[in-house]
Amino acid sequence: MKIIVAIAFILILASLGSALVFLMRDKGKSNRTVQALAFRVGFSIALFVLILVAYSLGWIQPTGLR
């Protein structure tokens, strides 16, 4: 589960980075920046849903504050 979450974070950061590159390169004249940011939002929502499902199925347990 840790590997899946780490991969999801890497995808989110890569999408954010590509949006920055597209913004600087295209100067706002194409929709590639919007598409990259939409993918980032999609990856974030998918990660959130995955964490909720994993918790409800018992794959992950809360540890609390230590």
# chains A, B, ... in the order shown; residues from 1 in each chain; ligands from 1

call {"tool": "residues_around", "arguments": {"residues": "A:Thr33", "least_positions_apart": "6", "cutoff": "9 Å", "atoms": "only C-alpha atoms", "output": "number ranges by chain"}}
result
A: 18-23, 26

call {"tool": "residues_around", "arguments": {"residues": "A:Ser44", "least_positions_apart": "6", "cutoff": "12 Å", "atoms": "only C-alpha atoms", "output": "short mmCIF file (atom, residue, chain, number, x, y, z; two decimals) with N, CA and C atoms, in the first residue's frame"}}
result
data_model
loop_
_atom_site.label_atom_id
_atom_site.label_comp_id
_atom_site.auth_asym_id
_atom_site.auth_seq_id
_atom_site.Cartn_x
_atom_site.Cartn_y
_atom_site.Cartn_z
N VAL A 5 0.76 4.43 -2.79
CA VAL A 5 0.60 5.84 -2.39
C VAL A 5 1.79 6.66 -2.87
N ILE A 7 3.70 6.05 -5.47
CA ILE A 7 3.57 6.20 -6.92
C ILE A 7 2.53 7.26 -7.26
N ALA A 8 1.42 7.27 -6.51
CA ALA A 8 0.38 8.28 -6.75
C ALA A 8 0.92 9.69 -6.49
N PHE A 9 1.70 9.86 -5.43
CA PHE A 9 2.29 11.18 -5.15
C PHE A 9 3.26 11.59 -6.26
N ILE A 10 4.03 10.64 -6.76
CA ILE A 10 4.96 10.95 -7.85
C ILE A 10 4.19 11.36 -9.10
N LEU A 11 3.08 10.67 -9.40
CA LEU A 11 2.25 11.05 -10.55
C LEU A 11 1.66 12.45 -10.38
N ILE A 12 1.22 12.77 -9.17
CA ILE A 12 0.65 14.09 -8.90
C ILE A 12 1.71 15.17 -9.10
N LEU A 13 2.92 14.94 -8.57
CA LEU A 13 3.98 15.93 -8.73
C LEU A 13 4.44 16.04 -10.18
N SER A 15 2.59 15.55 -12.84
CA SER A 15 1.55 16.27 -13.55
C SER A 15 1.64 17.77 -13.26
N LEU A 16 1.92 18.11 -12.02
CA LEU A 16 2.07 19.52 -11.66
C LEU A 16 3.28 20.13 -12.36
N LEU A 37 -3.30 19.97 -15.37
CA LEU A 37 -3.88 20.26 -14.05
C LEU A 37 -5.12 19.42 -13.79
N ALA A 38 -5.88 19.13 -14.83
CA ALA A 38 -7.05 18.25 -14.67
C ALA A 38 -6.61 16.83 -14.32
N LEU A 50 -8.84 5.90 -3.00
CA LEU A 50 -8.08 4.68 -2.71
C LEU A 50 -7.80 4.55 -1.22
N ILE A 51 -7.43 5.64 -0.58
CA ILE A 51 -7.17 5.61 0.86
C ILE A 51 -8.44 5.30 1.63
#

call {"tool": "atom_distance", "arguments": {"atom1": "atom CA of A:Arg40", "atom2": "atom CA of A:Ile60"}}
result
23.9 Å

call {"tool": "closest_residue", "arguments": {"among": "A:Ala54, A:Ile3, A:Ala36, A:Gly64", "to": "A:Gly17", "atoms": "only C-alpha atoms"}}
result
A:Ala36

call {"tool": "select_by_dssp", "arguments": {"residues": "chain A", "states": "alpha helix (DSSP H)", "output": "PyMOL selection string"}}
result
chain A and resi 2-26+32-57

call {"tool": "decode", "arguments": {"residues": "chain A", "atoms": "C-alpha atoms", "output": "PDB file, in the first residue's frame"}}
result
ATOM      1  CA  MET A   1       0.000   0.000   0.000  1.00  0.00           C
ATOM      2  CA  LYS A   2       2.896   2.362   0.743  1.00  0.00           C
ATOM      3  CA  ILE A   3       4.292   1.820  -2.743  1.00  0.00           C
ATOM      4  CA  ILE A   4       0.941   2.603  -4.378  1.00  0.00           C
ATOM      5  CA  VAL A   5       0.599   5.836  -2.392  1.00  0.00           C
ATOM      6  CA  ALA A   6       4.186   6.827  -3.221  1.00  0.00           C
ATOM      7  CA  ILE A   7       3.568   6.205  -6.923  1.00  0.00           C
ATOM      8  CA  ALA A   8       0.381   8.280  -6.749  1.00  0.00           C
ATOM      9  CA  PHE A   9       2.287  11.177  -5.151  1.00  0.00           C
ATOM     10  CA  ILE A  10       4.955  10.949  -7.852  1.00  0.00           C
ATOM     11  CA  LEU A  11       2.251  11.050 -10.553  1.00  0.00           C
ATOM     12  CA  ILE A  12       0.654  14.091  -8.902  1.00  0.00           C
ATOM     13  CA  LEU A  13       3.977  15.930  -8.727  1.00  0.00           C
ATOM     14  CA  ALA A  14       4.878  14.961 -12.305  1.00  0.00           C
ATOM     15  CA  SER A  15       1.554  16.274 -13.552  1.00  0.00           C
ATOM     16  CA  LEU A  16       2.067  19.521 -11.658  1.00  0.00           C
ATOM     17  CA  GLY A  17       5.567  19.862 -13.109  1.00  0.00           C
ATOM     18  CA  SER A  18       4.370  19.206 -16.645  1.00  0.00           C
ATOM     19  CA  ALA A  19       1.673  21.851 -16.194  1.00  0.00           C
ATOM     20  CA  LEU A  20       4.380  24.335 -15.223  1.00  0.00           C
ATOM     21  CA  VAL A  21       6.465  23.414 -18.263  1.00  0.00           C
ATOM     22  CA  PHE A  22       3.462  23.726 -20.584  1.00  0.00           C
ATOM     23  CA  LEU A  23       2.553  27.075 -19.033  1.00  0.00           C
ATOM     24  CA  MET A  24       6.039  28.464 -19.592  1.00  0.00           C
ATOM     25  CA  ARG A  25       6.460  26.986 -23.088  1.00  0.00           C
ATOM     26  CA  ASP A  26       3.018  27.688 -24.573  1.00  0.00           C
ATOM     27  CA  LYS A  27       2.390  31.040 -22.867  1.00  0.00           C
ATOM     28  CA  GLY A  28      -1.247  30.093 -22.291  1.00  0.00           C
ATOM     29  CA  LYS A  29      -2.064  29.554 -25.974  1.00  0.00           C
ATOM     30  CA  SER A  30      -2.936  25.867 -25.721  1.00  0.00           C
ATOM     31  CA  ASN A  31      -5.004  23.644 -23.446  1.00  0.00           C
ATOM     32  CA  ARG A  32      -2.100  21.422 -22.375  1.00  0.00           C
ATOM     33  CA  THR A  33      -1.718  23.261 -19.064  1.00  0.00           C
ATOM     34  CA  VAL A  34      -5.401  22.814 -18.269  1.00  0.00           C
ATOM     35  CA  GLN A  35      -5.245  19.135 -19.200  1.00  0.00           C
ATOM     36  CA  ALA A  36      -2.186  18.550 -16.996  1.00  0.00           C
ATOM     37  CA  LEU A  37      -3.877  20.262 -14.053  1.00  0.00           C
ATOM     38  CA  ALA A  38      -7.052  18.249 -14.672  1.00  0.00           C
ATOM     39  CA  PHE A  39      -4.987  15.050 -14.544  1.00  0.00           C
ATOM     40  CA  ARG A  40      -3.469  16.260 -11.260  1.00  0.00           C
ATOM     41  CA  VAL A  41      -6.914  16.775  -9.770  1.00  0.00           C
ATOM     42  CA  GLY A  42      -7.985  13.363 -11.051  1.00  0.00           C
ATOM     43  CA  PHE A  43      -4.922  11.681  -9.529  1.00  0.00           C
ATOM     44  CA  SER A  44      -5.548  13.454  -6.214  1.00  0.00           C
ATOM     45  CA  ILE A  45      -9.188  12.382  -6.090  1.00  0.00           C
ATOM     46  CA  ALA A  46      -8.231   8.819  -7.048  1.00  0.00           C
ATOM     47  CA  LEU A  47      -5.635   8.730  -4.257  1.00  0.00           C
ATOM     48  CA  PHE A  48      -8.176  10.003  -1.730  1.00  0.00           C
ATOM     49  CA  VAL A  49     -10.744   7.399  -2.798  1.00  0.00           C
ATOM     50  CA  LEU A  50      -8.084   4.681  -2.708  1.00  0.00           C
ATOM     51  CA  ILE A  51      -7.167   5.606   0.863  1.00  0.00           C
ATOM     52  CA  LEU A  52     -10.830   5.593   1.909  1.00  0.00           C
ATOM     53  CA  VAL A  53     -11.418   2.185   0.306  1.00  0.00           C
ATOM     54  CA  ALA A  54      -8.231   0.744   1.796  1.00  0.00           C
ATOM     55  CA  TYR A  55      -9.267   1.939   5.244  1.00  0.00           C
ATOM     56  CA  SER A  56     -12.781   0.538   4.913  1.00  0.00           C
ATOM     57  CA  LEU A  57     -11.433  -2.842   3.734  1.00  0.00           C
ATOM     58  CA  GLY A  58      -8.916  -2.964   6.579  1.00  0.00           C
ATOM     59  CA  TRP A  59      -5.816  -2.777   4.390  1.00  0.00           C
ATOM     60  CA  ILE A  60      -4.535   0.194   6.419  1.00  0.00           C
ATOM     61  CA  GLN A  61      -4.982   1.017  10.088  1.00  0.00           C
ATOM     62  CA  PRO A  62      -4.849   4.386  11.808  1.00  0.00           C
ATOM     63  CA  THR A  63      -1.913   4.687  14.208  1.00  0.00           C
ATOM     64  CA  GLY A  64      -2.892   7.874  16.034  1.00  0.00           C
ATOM     65  CA  LEU A  65      -0.487  10.335  17.555  1.00  0.00           C
ATOM     66  CA  ARG A  66       2.528   8.910  19.326  1.00  0.00           C
TER      67      ARG A  66
END
